[in-house]
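Visitor: Sharing a structure below in structure tokens format, with a few things to ask.
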Amino acid sequence: MQQSKGRILWIDEFKGFVLLLVCLFHVEQSFKNIDFGMLHLSAMRMSAFFFISGVLFSTRRFKDFKSYALHKTEVLLLPYIWLSLLFLALDPVVWNFDWFPRAPKMQVLTIRPEIHTLKDYVGWNLAKIFVAGKSSVGSGPIWFVFTLYSISLMFFGVQKTSVILSNAKNPVLQKIIVAAVAASSLIAGWLLFKNHIRLPLGIERDLTCLAFFALGNLCKEAIQKLSKHSLLTFFLTIAALALYIYFEKPDPWFSIMNNDLGKDLPQFILSSIFGILTLIGAFQLFSKLPDLNVLRIVKGILRNISRNALIILAVHWWALLVLRIVFKPQLDKPIIAYLSILIVTAFSIGAIPLFRCKLYKVIGKEKTTVKESLSIK
């Protein structure tokens, strides 16, 4: 597979593309006059993130759980906390509580809180961050970072347990154990969803996402082998796309963040898996296209999005929040609404060097230069 400095380039491009879909979905949610058809990608958008994270899972650099947990705390948990608090402070409602009626509706576990004062609003936001594990209203999709932190630690335990139970000598048995955990985890997540149970720190969401993470890890070798056979990849990608179109049905209430999994578990699983496989095949094939300038630029942009995912996740949402709370009457009109994409893009690009050069400790990164932070090489 094509690599650079130990990174698999097509996976970076895959992650950048999925993040782009997430951003476009949030834009579409914010303005009724924007429609990209993002509902048709609901079943596989976030599940693809967790699947590919499972593919990338490795403990080679960590001798034990403590060292692994400390690393993940530095690069995931602490950024989740700092970004949630930072964008809570920047939430327009905090600066002008009269805008509260325009803010997104808040839910903490099964509670829809009654908010009458700024103190209530801040208090319930803190409950979202530290009790529900869903980040503040101002930082929206950063819940993903906390969930990735949780399931990374959970899967470390799953993997080590599978090694112990198989006496470290039977890789097939290890995979069977991991597959059993994945299936059990998904069923548990589904049962909690069907019974409307919301647990502290988003445990019900963790169980659902752990299944995709484990599945990605199980498919790691197969994906590596598939990358060597372009013709087979092409036909399998076409087949996966056809099956995704067949099984997928748009559900406006589908949301892994809320562990809302639709009405039909097999349909949810199949549409998610075939959607993920379509993306994996497409980006493996994309990586083998001729090295044309236009393709090099597109790939570079996607890799930059991937490298700066934390920043873009938080900033694009905050920019949209400001637009929908303060300027929605002016923006949410036919054609004009699409200007919001340019505004959000400008804010996100501008924030990248700010965070990478000045606020790098907030996101658990090393300091870099403006040029390096915006590089599309």
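Labels used: A, B, ... for chains in the order of the structure tokens, numbers from 1 for residues in each chain, and numbers from 1 for ligands as shown.
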Can you tell me, as an NGL selection string, what residues are no more than 9 Å from A:Tyr68 when counting only C-alpha atoms, ignoring any on the same chain fewer than 6 positions away?
Guide: :A and (59 or 61-62 or 153 or 156)
Visitor: Can you write out as a Markdown table which residues of stretch 78-143 of chain A fall within 10 Å of stretch 252-264 of chain A, alongside each residue's closest atom pair and its distance in Å to one decimal, counting only C-alpha atoms and ordering rows by chain and ascending residue number?
Guide:
| residue | atom | partner | partner_atom | distance |
| --- | --- | --- | --- | --- |
| A:Gln107 | CA | A:Asn258 | CA | 9.7 |
| A:Leu109 | CA | A:Asn258 | CA | 9.2 |
| A:Gly133 | CA | A:Met257 | CA | 9.9 |
| A:Lys134 | CA | A:Met257 | CA | 7.7 |
| A:Pro141 | CA | A:Met257 | CA | 8.4 |
| A:Trp143 | CA | A:Met257 | CA | 7.3 |
Visitor: Store the residues picked out above, limited to C-alpha atoms, as a PDB file, in the first residue's frame.
Guide:
ATOM      1  CA  GLN A 107     -30.685  16.342  25.810  1.00  0.00           C
ATOM      2  CA  LEU A 109     -29.161  11.059  28.860  1.00  0.00           C
ATOM      3  CA  GLY A 133     -19.931  12.227  27.022  1.00  0.00           C
ATOM      4  CA  LYS A 134     -21.471  14.213  24.169  1.00  0.00           C
ATOM      5  CA  PRO A 141     -19.276  16.537  16.900  1.00  0.00           C
ATOM      6  CA  TRP A 143     -18.402  13.547  21.002  1.00  0.00           C
TER       7      TRP A 143
END
Visitor: Quick one: residues within 6 Å of stretch 83-92 of chain A, only C-alpha atoms counted, chain neighbours fewer than 3 positions away excluded, as JSON, numbers by chain?
Guide: {"A": [79, 80, 95, 135, 136, 138, 139]}
Visitor: With only C-alpha atoms as the counted atoms, please give the residues lying no more than 12 Å from A:Ala242, apart from itself and same-chain residues fewer than 2 positions off, as a list in words.
Guide: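 What passes the distance filter is Phe235, Leu236, Thr237, Ile238, Ala239, Ala240, Tyr244, Ile245, Tyr246, Phe247, Glu248, Leu270, Ser271, Phe274, Gly275, Leu277 and Thr278 of chain A.
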Visitor: Grab the residues selected above and save them as a PDB file, in the first residue's frame with N, CA, C and O atoms.
Guide:
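Writing the result to selection.pdb gives the following:
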ATOM      1  N   PHE A 235     -14.375  -4.802  -9.116  1.00  0.00           N
ATOM      2  CA  PHE A 235     -15.646  -5.541  -9.184  1.00  0.00           C
ATOM      3  C   PHE A 235     -16.314  -5.646  -7.810  1.00  0.00           C
ATOM      4  O   PHE A 235     -17.540  -5.543  -7.696  1.00  0.00           O
ATOM      5  N   LEU A 236     -15.511  -5.837  -6.768  1.00  0.00           N
ATOM      6  CA  LEU A 236     -16.085  -5.910  -5.424  1.00  0.00           C
ATOM      7  C   LEU A 236     -16.661  -4.562  -4.997  1.00  0.00           C
ATOM      8  O   LEU A 236     -17.687  -4.503  -4.309  1.00  0.00           O
ATOM      9  N   THR A 237     -16.021  -3.476  -5.430  1.00  0.00           N
ATOM     10  CA  THR A 237     -16.524  -2.141  -5.095  1.00  0.00           C
ATOM     11  C   THR A 237     -17.858  -1.875  -5.782  1.00  0.00           C
ATOM     12  O   THR A 237     -18.790  -1.338  -5.168  1.00  0.00           O
ATOM     13  N   ILE A 238     -17.958  -2.261  -7.050  1.00  0.00           N
ATOM     14  CA  ILE A 238     -19.223  -2.103  -7.782  1.00  0.00           C
ATOM     15  C   ILE A 238     -20.322  -2.933  -7.118  1.00  0.00           C
ATOM     16  O   ILE A 238     -21.462  -2.464  -6.935  1.00  0.00           O
ATOM     17  N   ALA A 239     -19.988  -4.152  -6.714  1.00  0.00           N
ATOM     18  CA  ALA A 239     -20.972  -5.020  -6.057  1.00  0.00           C
ATOM     19  C   ALA A 239     -21.405  -4.431  -4.718  1.00  0.00           C
ATOM     20  O   ALA A 239     -22.603  -4.425  -4.382  1.00  0.00           O
ATOM     21  N   ALA A 240     -20.435  -3.924  -3.946  1.00  0.00           N
ATOM     22  CA  ALA A 240     -20.752  -3.334  -2.642  1.00  0.00           C
ATOM     23  C   ALA A 240     -21.639  -2.101  -2.799  1.00  0.00           C
ATOM     24  O   ALA A 240     -22.586  -1.897  -2.027  1.00  0.00           O
ATOM     25  N   TYR A 244     -25.306  -1.602  -1.344  1.00  0.00           N
ATOM     26  CA  TYR A 244     -25.604  -0.460  -0.467  1.00  0.00           C
ATOM     27  C   TYR A 244     -26.863   0.269  -0.949  1.00  0.00           C
ATOM     28  O   TYR A 244     -27.753   0.595  -0.148  1.00  0.00           O
ATOM     29  N   ILE A 245     -26.940   0.509  -2.244  1.00  0.00           N
ATOM     30  CA  ILE A 245     -28.111   1.190  -2.806  1.00  0.00           C
ATOM     31  C   ILE A 245     -29.380   0.373  -2.542  1.00  0.00           C
ATOM     32  O   ILE A 245     -30.445   0.920  -2.239  1.00  0.00           O
ATOM     33  N   TYR A 246     -29.248  -0.963  -2.613  1.00  0.00           N
ATOM     34  CA  TYR A 246     -30.404  -1.837  -2.397  1.00  0.00           C
ATOM     35  C   TYR A 246     -30.881  -1.811  -0.942  1.00  0.00           C
ATOM     36  O   TYR A 246     -32.087  -1.731  -0.670  1.00  0.00           O
ATOM     37  N   PHE A 247     -29.942  -1.888   0.010  1.00  0.00           N
ATOM     38  CA  PHE A 247     -30.318  -2.000   1.423  1.00  0.00           C
ATOM     39  C   PHE A 247     -30.551  -0.656   2.110  1.00  0.00           C
ATOM     40  O   PHE A 247     -31.290  -0.587   3.087  1.00  0.00           O
ATOM     41  N   GLU A 248     -29.929   0.403   1.592  1.00  0.00           N
ATOM     42  CA  GLU A 248     -29.996   1.691   2.282  1.00  0.00           C
ATOM     43  C   GLU A 248     -31.371   2.336   2.138  1.00  0.00           C
ATOM     44  O   GLU A 248     -31.946   2.383   1.062  1.00  0.00           O
ATOM     45  N   LEU A 270     -26.223  -4.163   7.298  1.00  0.00           N
ATOM     46  CA  LEU A 270     -25.861  -4.404   5.899  1.00  0.00           C
ATOM     47  C   LEU A 270     -25.582  -3.093   5.152  1.00  0.00           C
ATOM     48  O   LEU A 270     -24.605  -3.004   4.398  1.00  0.00           O
ATOM     49  N   SER A 271     -26.423  -2.100   5.369  1.00  0.00           N
ATOM     50  CA  SER A 271     -26.193  -0.824   4.671  1.00  0.00           C
ATOM     51  C   SER A 271     -24.899  -0.185   5.163  1.00  0.00           C
ATOM     52  O   SER A 271     -24.140   0.385   4.363  1.00  0.00           O
ATOM     53  N   PHE A 274     -21.850  -2.424   3.668  1.00  0.00           N
ATOM     54  CA  PHE A 274     -21.669  -2.266   2.220  1.00  0.00           C
ATOM     55  C   PHE A 274     -21.252  -0.834   1.864  1.00  0.00           C
ATOM     56  O   PHE A 274     -20.487  -0.623   0.917  1.00  0.00           O
ATOM     57  N   GLY A 275     -21.721   0.145   2.645  1.00  0.00           N
ATOM     58  CA  GLY A 275     -21.275   1.518   2.426  1.00  0.00           C
ATOM     59  C   GLY A 275     -19.800   1.689   2.731  1.00  0.00           C
ATOM     60  O   GLY A 275     -19.060   2.325   1.974  1.00  0.00           O
ATOM     61  N   LEU A 277     -17.498  -0.707   2.741  1.00  0.00           N
ATOM     62  CA  LEU A 277     -16.720  -1.444   1.742  1.00  0.00           C
ATOM     63  C   LEU A 277     -16.640  -0.686   0.417  1.00  0.00           C
ATOM     64  O   LEU A 277     -15.605  -0.725  -0.264  1.00  0.00           O
ATOM     65  N   THR A 278     -17.709   0.001   0.060  1.00  0.00           N
ATOM     66  CA  THR A 278     -17.694   0.812  -1.159  1.00  0.00           C
ATOM     67  C   THR A 278     -16.635   1.908  -1.058  1.00  0.00           C
ATOM     68  O   THR A 278     -15.849   2.127  -1.998  1.00  0.00           O
TER      69      THR A 278
END
Visitor: Residues at most 8 Å from A:Gly54, counting only C-alpha atoms, excluding those fewer than 3 positions away in the same chain, as JSON, numbers by chain?
Guide: {"A": [50, 51, 57, 212, 213, 214, 215, 216, 217]}
Visitor: Could you please determine the separation between atom CA of A:Val94 and atom CA of A:Ser348 in Å, to one decimal place?
Guide: 21.4 Å
Visitor: With only C-alpha atoms counted and 12 Å as the cut-off, give the residues of stretch 94-208 of chain A in contact with stretch 219-232 of chain A, each with its shortest interatomic distance in Å and the pair that gives it, as JSON lines.
Guide:
{"residue": "A:Lys175", "atom": "CA", "partner": "A:Cys219", "partner_atom": "CA", "distance": 10.0}
{"residue": "A:Val178", "atom": "CA", "partner": "A:Cys219", "partner_atom": "CA", "distance": 11.4}
{"residue": "A:Ala179", "atom": "CA", "partner": "A:Cys219", "partner_atom": "CA", "distance": 10.6}
Visitor: Please dump the current selection as a compact mmCIF listing (two decimals), in the first residue's frame; keep C-alpha atoms.
Guide:
# COMPACT_ATOMS: atom_id res chain seq x y z
CA LYS A 175 -10.34 -13.63 15.71
CA VAL A 178 -13.02 -10.69 18.76
CA ALA A 179 -15.88 -11.43 16.33
Visitor: Going by DSSP on the backbone, which residues of stretch 191-366 of chain A come out as helix (DSSP H, G or I)? List them as JSON, numbers by chain.
Guide: {"A": [191, 192, 193, 194, 200, 201, 202, 203, 204, 205, 206, 207, 208, 209, 210, 211, 212, 213, 214, 215, 216, 217, 218, 220, 221, 222, 223, 224, 225, 226, 230, 231, 232, 233, 234, 235, 236, 237, 238, 239, 240, 241, 242, 243, 244, 245, 246, 247, 265, 266, 267, 268, 269, 270, 271, 272, 273, 274, 275, 276, 277, 278, 279, 280, 281, 282, 283, 284, 285, 286, 293, 294, 295, 296, 297, 298, 299, 300, 301, 302, 303, 304, 305, 306, 307, 309, 310, 311, 312, 313, 314, 315, 316, 317, 318, 319, 320, 321, 322, 323, 324, 325, 326, 328, 329, 330, 331, 336, 337, 338, 339, 340, 341, 342, 343, 344, 345, 346, 347, 348, 349, 350, 351, 352, 353, 354, 355, 356, 357]}
Visitor: Write out as CSV a residue-level contact list of stretch 234-342 of chain A versus stretch 21-43 of chain A with cut-off 6 Å: for each qualifying residue the closest pair of atoms and the distance in Å to one decimal, counting only C-alpha atoms, rows sorted by chain and residue number upward.
Guide:
residue,atom,partner,partner_atom,distance
A:Pro250,CA,A:His40,CA,4.9
A:Ser272,CA,A:Ala43,CA,5.1
A:Asp332,CA,A:Phe31,CA,5.6
A:Lys333,CA,A:Asn33,CA,6.0
A:Pro334,CA,A:Asn33,CA,5.5
Visitor: Set the distance at 12 Å and use only C-alpha atoms: which residues neighbour A:Ser166 once local chain neighbours fewer than 6 positions away are removed? I'd like the list as an MDAnalysis selection string.
Guide: chainID A and resid 159:160 172:178
Visitor: Output the selection as a tab-separated table (two decimals), in the first residue's frame - C-alpha atoms for each residue.
Guide:
chain	number	residue	atom	x	y	z
A	159	GLN	CA	-7.53	-7.92	22.14
A	160	LYS	CA	-5.44	-8.82	25.18
A	172	VAL	CA	-7.94	-18.03	14.38
A	173	LEU	CA	-9.35	-18.44	17.88
A	174	GLN	CA	-8.32	-14.86	18.67
A	175	LYS	CA	-10.34	-13.63	15.71
A	176	ILE	CA	-13.33	-15.76	16.70
A	177	ILE	CA	-13.25	-14.22	20.18
A	178	VAL	CA	-13.02	-10.69	18.76
Visitor: Which residues come within 12 Å of A:Arg112, counting only C-alpha atoms, excluding same-chain residues fewer than 5 positions away, as a list of chain:residue names?
Guide: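 So, after excluding close chain neighbours, the residues are A:Pro104, A:Lys105, A:Met106, A:Gln107, A:Tyr121, A:Trp124, A:Asn125, A:Ala127, A:Lys128.
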Visitor: Residues of the last selection are to be written out with N, CA and C atoms, as a CSV table (one decimal), in the first residue's frame.
Guide:
chain,number,residue,atom,x,y,z
A,104,PRO,N,-29.6,24.8,19.3
A,104,PRO,CA,-30.0,23.4,19.1
A,104,PRO,C,-30.6,22.9,20.4
A,105,LYS,N,-31.6,22.0,20.4
A,105,LYS,CA,-32.2,21.5,21.6
A,105,LYS,C,-31.2,20.6,22.3
A,106,MET,N,-31.3,20.6,23.6
A,106,MET,CA,-30.3,19.8,24.4
A,106,MET,C,-31.0,18.6,25.0
A,107,GLN,N,-30.2,17.5,25.1
A,107,GLN,CA,-30.7,16.3,25.8
A,107,GLN,C,-29.5,15.7,26.5
A,121,TYR,N,-28.0,27.0,31.5
A,121,TYR,CA,-27.4,26.6,30.2
A,121,TYR,C,-26.0,26.1,30.3
A,124,TRP,N,-26.0,22.6,32.3
A,124,TRP,CA,-26.4,21.5,31.5
A,124,TRP,C,-25.4,21.1,30.4
A,125,ASN,N,-24.7,22.2,29.9
A,125,ASN,CA,-23.6,21.9,29.0
A,125,ASN,C,-22.5,21.1,29.6
A,127,ALA,N,-22.9,19.1,32.1
A,127,ALA,CA,-23.4,17.7,32.3
A,127,ALA,C,-23.3,17.0,31.0
A,128,LYS,N,-23.5,17.6,29.8
A,128,LYS,CA,-23.3,17.0,28.5
A,128,LYS,C,-21.9,16.5,28.3
Visitor: Quick one: pull the distance between atom CA of A:Val55 and atom CA of A:Arg205, Å, one decimal.
Guide: 19.4 Å
Visitor: Expressed in Å to a single decimal, how great is the separation between atom CA of A:Trp10 and atom CA of A:Leu78?
Guide: 28.0 Å
Visitor: Name the closest residue to A:Ala337 among the candidates A:Leu320, A:Asn293, A:Phe17, A:Ser306; distances are taken between atoms, counting only C-alpha atoms.
Guide: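 Checking each of A:Leu320, A:Asn293, A:Phe17, A:Ser306 against A:Ala337, counting only C-alpha atoms, the winner is A:Leu320.
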Visitor: Going by DSSP on the backbone, which bits of stretch 7-187 of chain A are strand (DSSP E or B)? Write them as a ChimeraX atom specification, please.
Guide: /A:7-8,108,111
Visitor: From the list A:Thr368, A:Ser152, A:Asn304, A:Ser340, which residue is nearest A:Lys15 when using only C-alpha atoms?
Guide: A:Asn304
Visitor: Taking only C-alpha atoms into account, name the residue in A:Trp318, A:Phe234, A:Phe286, A:Tyr149 that is nearest to A:His71.
Guide: A:Tyr149
